[in-house]
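Structure record follows, encoded as structure tokens.
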Amino acid sequence: MPNTLITASHPAARRFYTVVAWVLVLIVFAGFAQTYYLKGIYGTPPLPLLVHIHGVVMTLWYALFVIQVGLVASRRIALHRTLGFAGVGLSILVIILGTLVSLGLARQRLLVRPDSTGAAFLLGLQLFSVLLVFGIFVSLGVFFRRRTDIHKRLMTLAMLSVLGPAITRLPLSFVQNHDVSMAIALSIGFVVLCILGDTILHRRLHPAFAWGGALIVGSMVVVAQFAQSQTWIRATRWLVL
């Protein structure tokens, strides 16, 4: 029996990316349900206005991601490209607001515990292994928007790169108390699973997933070491205090 080529327009490929999109969004919802989406039910403390705005922008980004995947699956490519311009603006807001919120949280932690190194560590991860990597993937995704095979994988990687904060808040015993090491392991696991599924489906490892996956994993490993250095700890205190 001859091999059947799986292309971007193949139903199996469309279903795969639809499932990936919804799984990632459900992880985000589950992670932030108690502190944001369902905070009225759980009675968690009120949030500052900046955090609320950040939450709205991130929610719009997640929603747009699912909508865009759905539009491609239903072959409404013209509308997908039109909404892509909104995605560019949203991605810029994600980076700006994410940076401001991260700096604010680091300052809050340092004011409570001035001798703590945890604030610097988390800030480093957020700025360099999340927001910077996210910006790289989105920028390249826009650049390769005419190459659908590259574009869809880069935007999926962009979504995967910002999954860490949601993972640390999942109501699971092994990730409670914002266990960063477990969050890193799970984030890497989701990246590997997504790449593995795509590779099995298409019977080859796509170059965008090969170097993109390496970038996410490598950034987490490198930044995790850098964020614990005295140089970064001093820089963090200078930035936020």
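A note on labels: chains of the structure tokens are A, B, ... as shown, every chain counts residues from 1, and ligands are counted from 1 in their shown order.
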In chain A, what's alpha helix (DSSP H) per DSSP? Answer as an MDAnalysis selection string? chainID A and resid 11:32 39:42 49:73 77:112 118:124 132:143 148:161 164:167 180:202 207:226 230:240
Can you check which parts of range 102-163 of chain A lie within 9 Å of range 225-235 of chain A? Per residue, the shortest pair of atoms and distance in Å to one decimal, counting only C-alpha atoms, sorted by chain and number, as a Markdown table.
```
| residue | atom | partner | partner_atom | distance |
| --- | --- | --- | --- | --- |
| A:Thr117 | CA | A:Ile233 | CA | 6.6 |
| A:Gly118 | CA | A:Gln228 | CA | 8.4 |
| A:Ala119 | CA | A:Ile233 | CA | 8.4 |
| A:Ala120 | CA | A:Ile233 | CA | 5.3 |
| A:Phe121 | CA | A:Ala227 | CA | 4.7 |
| A:Leu122 | CA | A:Ala227 | CA | 7.7 |
| A:Leu123 | CA | A:Ala227 | CA | 7.9 |
| A:Gly124 | CA | A:Ala227 | CA | 5.2 |
| A:Leu125 | CA | A:Ala227 | CA | 7.0 |
```
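When only C-alpha atoms are used to measure the gap to Thr18 in chain A, the shortest distance among A:Ala158, A:Leu241, A:Cys194, A:Ile188 belongs to A:Cys194.
Across A:Pro45, A:Gly84, A:Gly55, A:Gly141, the tightest approach to Leu71 in chain A is made by A:Gly84 when counting only C-alpha atoms.
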Could you state the separation of CA of Met220 in chain A and CA of Phe29 in chain A in Å, given to one decimal place? 22.9 Å
Please report as JSON lines every residue of range 138-230 of chain A lying within 12 Å of range 95-109 of chain A, along with the nearest atom pair and their distance in Å (one decimal), using only C-alpha atoms.
```
{"residue": "A:Val138", "atom": "CA", "partner": "A:Ile95", "partner_atom": "CA", "distance": 10.7}
{"residue": "A:Ser139", "atom": "CA", "partner": "A:Ile95", "partner_atom": "CA", "distance": 11.9}
{"residue": "A:Ala158", "atom": "CA", "partner": "A:Ile95", "partner_atom": "CA", "distance": 11.8}
{"residue": "A:Val162", "atom": "CA", "partner": "A:Gly98", "partner_atom": "CA", "distance": 10.2}
{"residue": "A:Pro165", "atom": "CA", "partner": "A:Ser102", "partner_atom": "CA", "distance": 10.9}
```
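Take the candidates A:Leu170, A:Ala214, A:Ile184, A:Leu93 and check each one against Leu157 in chain A using only C-alpha atoms; the shortest distance goes to A:Ala214.
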Kindly give the distance, in Å, that separates CA of Gly87 in chain A and CA of Leu186 in chain A, rounded to a single decimal. 26.4 Å
One decimal, Å: what's the distance from CA of Leu239 in chain A over to CA of Ile92 in chain A, could you say?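 So the two atoms, CA of Leu239 in chain A and CA of Ile92 in chain A, lie 21.4 Å apart.
For the choices A:Ile150, A:Gly212, A:Ile200, A:Ile67, the atom-to-atom distance to Leu79 in chain A is smallest for A:Ile67 when using only C-alpha atoms.
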Neighbours of Trp61 in chain A within 9 Å (only C-alpha atoms; same-chain residues fewer than 5 positions away dropped), as an MDAnalysis selection string? chainID A and resid 56 66 87 90:91 94
Just-selected residues, N, CA and C atoms written as a PDB file, in the first residue's frame:
```pdb
ATOM      1  N   VAL A  56      -7.186  40.156  30.669  1.00  0.00           N
ATOM      2  CA  VAL A  56      -8.087  40.323  29.520  1.00  0.00           C
ATOM      3  C   VAL A  56      -7.324  40.142  28.211  1.00  0.00           C
ATOM      4  N   VAL A  66      -7.515  29.950  19.256  1.00  0.00           N
ATOM      5  CA  VAL A  66      -8.488  28.901  18.954  1.00  0.00           C
ATOM      6  C   VAL A  66      -9.317  29.268  17.725  1.00  0.00           C
ATOM      7  N   GLY A  87      -3.997  39.891  15.731  1.00  0.00           N
ATOM      8  CA  GLY A  87      -3.078  39.065  16.502  1.00  0.00           C
ATOM      9  C   GLY A  87      -1.734  39.726  16.715  1.00  0.00           C
ATOM     10  N   LEU A  90      -2.233  42.261  19.455  1.00  0.00           N
ATOM     11  CA  LEU A  90      -2.400  41.577  20.736  1.00  0.00           C
ATOM     12  C   LEU A  90      -1.068  41.048  21.256  1.00  0.00           C
ATOM     13  N   SER A  91      -0.255  40.495  20.367  1.00  0.00           N
ATOM     14  CA  SER A  91       1.027  39.938  20.793  1.00  0.00           C
ATOM     15  C   SER A  91       1.930  41.016  21.376  1.00  0.00           C
ATOM     16  N   VAL A  94       0.664  41.652  24.795  1.00  0.00           N
ATOM     17  CA  VAL A  94       1.043  40.537  25.662  1.00  0.00           C
ATOM     18  C   VAL A  94       2.449  40.747  26.219  1.00  0.00           C
TER      19      VAL A  94
END
```
